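What follows is a set of notes on a single structure, which appears directly below.
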Amino acid sequence: MPTIKDVARIAGVTPTTVSRVINNRGYLSQNTKQKVYQAMDQLNYSPNAIARSLFSKKSGILGIILPDLRHPFFAELAGYIEFYANQSNYKLLICNSNHNATKEKQFVDLLKSNQIDGLVMASHTLDVDEFARLEYPIVTFDRIIDQFPYVCSDNHQGGVLAAEKLISLGCKKVGHICGNLQLDLLSNQRSWSFIKTMKEHGIEPIIIQTGNDVFDYSHYEELITPLFRDHPDVNGIFTTSDILAAYVSRVCNNLGIHIPKDLKLIGYDDVPLSTWMIPQLSTIRQPMREMAERIVQLLTNVQTRQHYNANIFDVEFIKRATS
């Protein structure tokens with residue numbers, strides 16, 4: 001079986017140079033690379049991934065901790081991250097935490113043991129102390145943890161856009177359905193800016209919060225239905241996800257409330273579900289592809305990581321049939 005030394009001998013270079021070609025490390029001329037590739041082909045040499053990772057101290061694997069992979073937003077975000085990771089010659093290992101701190105801790109331990117090269121933290125179960133002493137590449141999504149770079153959409157801008165749109169549509173009695181506002185999440189800024197903008201226009205929105213587990217869909221209908229019983233004159237609703245908006249649409253259908261004639265509805269995310277609904281959902285679009293690309297850049301490019309701590313992406317209002 002040919003070895004790296006055999007490749008070096010045929011190519012007329014050192015074994016270190018062969019390793020640098022294999023691992024794409026440092027500057028090498030195209031001529032040198034071509035000689036190494038030709039020697040590898042001549043010897044039918046295939047570098048062992050495990051041995052390569054031991055040599056370079058790199059596994060070629062990135063990790064992501066998601067709160068719930070069933071949620072279409074996180075499934076789509078993970079898909080884009082996997083795409084850009086693959087473009088950078090990395091594989092993506094996914095942890096579906098389901099708010100389980102033990103699972104998240106095990107994933108962080110993988111990072112400590114050099115089994116993954118970088119971590120995207122998109123779940124929010126572990127305390128900040130679990131991360132504060134880590135010196136590995138970590139990027140957080142929708143949360144600020146210690147000194148690590150973070151990525152999010154402009155949640156403040158999204159809340160303002162939703163409020164201004166409902167106001168322009170003549171909505172006077174407005175509901176807002178969101179996650180738990182006591183949690184330390186950047187996404188809650190979309191709620192606070194929506195509420196603030198509404199109050200500035202003399203409208204006191206009716207706030208309905210989910211429990212700590214915003215991804216527990218089983219209670220959404222029973223959470224939403226009393227809103228229309230207690231406030232039958234509600235004519236505008238903004239939800240902090242398209243999933244919540246879909247359940248509002250479902251409840252309205254059951255109660256004979258016509259959207260958009262009786263109620264204007266705006267979601268947040270712009271996942272594919274928003275175009276599958278009848279009527280199609282107006283929503284605030286998060287630029288998932290661009291955010292995913294930046295996440296991978298932050299994990300794999302030291303210079304990018306050093307210069308970009310706050311990575312906040314513009315959102316836009318997407319008008320469809322519910323408004």
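Ligands are numbered from 1 in the order shown, residues from 1 within each chain, and chains are lettered A, B, ... in the order they appear in the structure tokens.
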
In range 78-317 of chain A, DSSP strand (DSSP E) residues written as number ranges by chain: A: 91-96, 118-121, 138-141, 150-153, 174-178, 206-209, 236-239, 264-269, 282-285, 310-313, 316-317

Output as JSON lines one row per residue of range 165-206 of chain A within 10 Å of range 230-239 of chain A: the closest atom pair and its distance in Å to one decimal place, counting only C-alpha atoms, sorted by chain and residue number ascending.
{"residue": "A:Lys165", "atom": "CA", "partner": "A:Gly236", "partner_atom": "CA", "distance": 10.0}
{"residue": "A:Leu166", "atom": "CA", "partner": "A:Gly236", "partner_atom": "CA", "distance": 6.4}
{"residue": "A:Ile167", "atom": "CA", "partner": "A:Gly236", "partner_atom": "CA", "distance": 8.8}
{"residue": "A:Leu169", "atom": "CA", "partner": "A:Gly236", "partner_atom": "CA", "distance": 8.8}
{"residue": "A:Gly170", "atom": "CA", "partner": "A:Asn235", "partner_atom": "CA", "distance": 8.7}
{"residue": "A:Cys171", "atom": "CA", "partner": "A:Gly236", "partner_atom": "CA", "distance": 5.5}
{"residue": "A:Lys172", "atom": "CA", "partner": "A:Asn235", "partner_atom": "CA", "distance": 7.0}
{"residue": "A:Lys173", "atom": "CA", "partner": "A:Val234", "partner_atom": "CA", "distance": 4.7}
{"residue": "A:Val174", "atom": "CA", "partner": "A:Gly236", "partner_atom": "CA", "distance": 4.7}
{"residue": "A:Gly175", "atom": "CA", "partner": "A:Ile237", "partner_atom": "CA", "distance": 4.6}
{"residue": "A:His176", "atom": "CA", "partner": "A:Phe238", "partner_atom": "CA", "distance": 5.0}
{"residue": "A:Ile177", "atom": "CA", "partner": "A:Thr239", "partner_atom": "CA", "distance": 4.8}
{"residue": "A:Cys178", "atom": "CA", "partner": "A:Thr239", "partner_atom": "CA", "distance": 5.9}
{"residue": "A:Gly179", "atom": "CA", "partner": "A:Thr239", "partner_atom": "CA", "distance": 9.2}
{"residue": "A:Arg190", "atom": "CA", "partner": "A:Thr239", "partner_atom": "CA", "distance": 9.7}
{"residue": "A:Ser191", "atom": "CA", "partner": "A:Thr239", "partner_atom": "CA", "distance": 8.7}
{"residue": "A:Phe194", "atom": "CA", "partner": "A:Phe238", "partner_atom": "CA", "distance": 8.5}
{"residue": "A:Pro205", "atom": "CA", "partner": "A:Ile237", "partner_atom": "CA", "distance": 9.0}
{"residue": "A:Ile206", "atom": "CA", "partner": "A:His231", "partner_atom": "CA", "distance": 9.0}

Within 10 Å of range 259-278 of chain A, which residues of range 48-125 of chain A come that close, and what is the closest atom pair and distance in Å for each? Count only C-alpha atoms and give it as a tab-separated table.
residue	atom	partner	partner_atom	distance
A:His71	CA	A:Val271	CA	9.8
A:Pro72	CA	A:Val271	CA	6.6
A:Phe73	CA	A:Val271	CA	6.0
A:Phe74	CA	A:Val271	CA	9.6
A:Ala75	CA	A:Val271	CA	9.8
A:Glu76	CA	A:Val271	CA	7.8
A:Leu77	CA	A:Val271	CA	9.9

Residue among A:Ser187, A:Gln286, A:Gln182, A:Gln157 lying closest to Ala122 in chain A, counting only C-alpha atoms: A:Ser187

Shell around Ser29 in chain A at 12 Å using only C-alpha atoms, local window under 6 positions removed, as a VMD selection string: chain A and resid 17 20 to 21 35 to 36

Exercise: range 89-95 of chain A partners within 6 Å, only C-alpha atoms, chain neighbours under 4 positions left out, as a VMD selection string: chain A and resid 60 to 65 82 85

Give me a file of those residues, with C-alpha atoms, as a compact mmCIF listing (two decimals), in the first residue's frame.
# COMPACT_ATOMS: atom_id res chain seq x y z
CA GLY A 60 -13.12 18.50 8.65
CA ILE A 61 -16.45 18.48 10.52
CA LEU A 62 -18.58 21.38 11.72
CA GLY A 63 -21.37 20.93 14.24
CA ILE A 64 -24.70 22.65 14.73
CA ILE A 65 -27.02 22.41 17.73
CA GLU A 82 -24.54 22.19 5.03
CA ALA A 85 -19.84 23.87 4.63

CA of Tyr220 in chain A to CA of Val151 in chain A, distance in Å rounded to a single decimal: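 Separation of CA of Tyr220 in chain A and CA of Val151 in chain A: 27.9 Å.
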
CA of Ile284 in chain A to CA of His201 in chain A, distance in Å rounded to a single decimal: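 For CA of Ile284 in chain A relative to CA of His201 in chain A, the distance reads 20.5 Å.
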
Residue contacts of Cys252 in chain A (10 Å, only C-alpha atoms) excluding same-chain residues fewer than 3 positions away, as a VMD selection string: chain A and resid 224 to 225 228 246 to 249 255 to 259 262 to 263

Those of range 213-262 of chain A in DSSP alpha helix (DSSP H), formatted as a list in words: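 Filtering range 213-262 of chain A to alpha helix (DSSP H) leaves Tyr220, Glu221, Glu222, Leu223, Ile224, Thr225, Pro226, Leu227, Phe228, Arg229, Asp230, Asp242, Ile243, Leu244, Ala245, Ala246, Tyr247, Val248, Ser249, Arg250, Val251, Cys252, Asn253, Asn254 and Leu255 of chain A.
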
Output C-alpha atoms for every residue in that selection, as a PDB file, in the first residue's frame.
ATOM      1  CA  TYR A 220     -51.119  26.349  19.690  1.00  0.00           C
ATOM      2  CA  GLU A 221     -54.807  26.097  18.799  1.00  0.00           C
ATOM      3  CA  GLU A 222     -55.993  26.243  22.407  1.00  0.00           C
ATOM      4  CA  LEU A 223     -53.656  29.196  22.928  1.00  0.00           C
ATOM      5  CA  ILE A 224     -54.953  31.127  19.913  1.00  0.00           C
ATOM      6  CA  THR A 225     -58.693  30.350  20.004  1.00  0.00           C
ATOM      7  CA  PRO A 226     -59.515  32.410  23.155  1.00  0.00           C
ATOM      8  CA  LEU A 227     -58.081  35.511  21.462  1.00  0.00           C
ATOM      9  CA  PHE A 228     -61.041  35.604  19.079  1.00  0.00           C
ATOM     10  CA  ARG A 229     -63.540  34.683  21.799  1.00  0.00           C
ATOM     11  CA  ASP A 230     -62.359  37.447  24.127  1.00  0.00           C
ATOM     12  CA  ASP A 242     -44.815  31.471   9.998  1.00  0.00           C
ATOM     13  CA  ILE A 243     -45.764  28.328  11.933  1.00  0.00           C
ATOM     14  CA  LEU A 244     -47.708  30.409  14.471  1.00  0.00           C
ATOM     15  CA  ALA A 245     -49.351  32.281  11.595  1.00  0.00           C
ATOM     16  CA  ALA A 246     -50.394  28.971  10.014  1.00  0.00           C
ATOM     17  CA  TYR A 247     -52.166  28.003  13.242  1.00  0.00           C
ATOM     18  CA  VAL A 248     -53.893  31.399  13.347  1.00  0.00           C
ATOM     19  CA  SER A 249     -55.137  30.764   9.812  1.00  0.00           C
ATOM     20  CA  ARG A 250     -56.369  27.328  10.848  1.00  0.00           C
ATOM     21  CA  VAL A 251     -58.281  28.683  13.852  1.00  0.00           C
ATOM     22  CA  CYS A 252     -59.804  31.423  11.716  1.00  0.00           C
ATOM     23  CA  ASN A 253     -60.965  28.847   9.199  1.00  0.00           C
ATOM     24  CA  ASN A 254     -62.625  26.860  11.996  1.00  0.00           C
ATOM     25  CA  LEU A 255     -64.355  29.989  13.350  1.00  0.00           C
TER      26      LEU A 255
END

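With only C-alpha atoms as the basis for measurement, A:Ile10 is the residue among A:Val214, A:Leu66, A:Ala292, A:Ile10 that approaches Tyr45 in chain A most closely.
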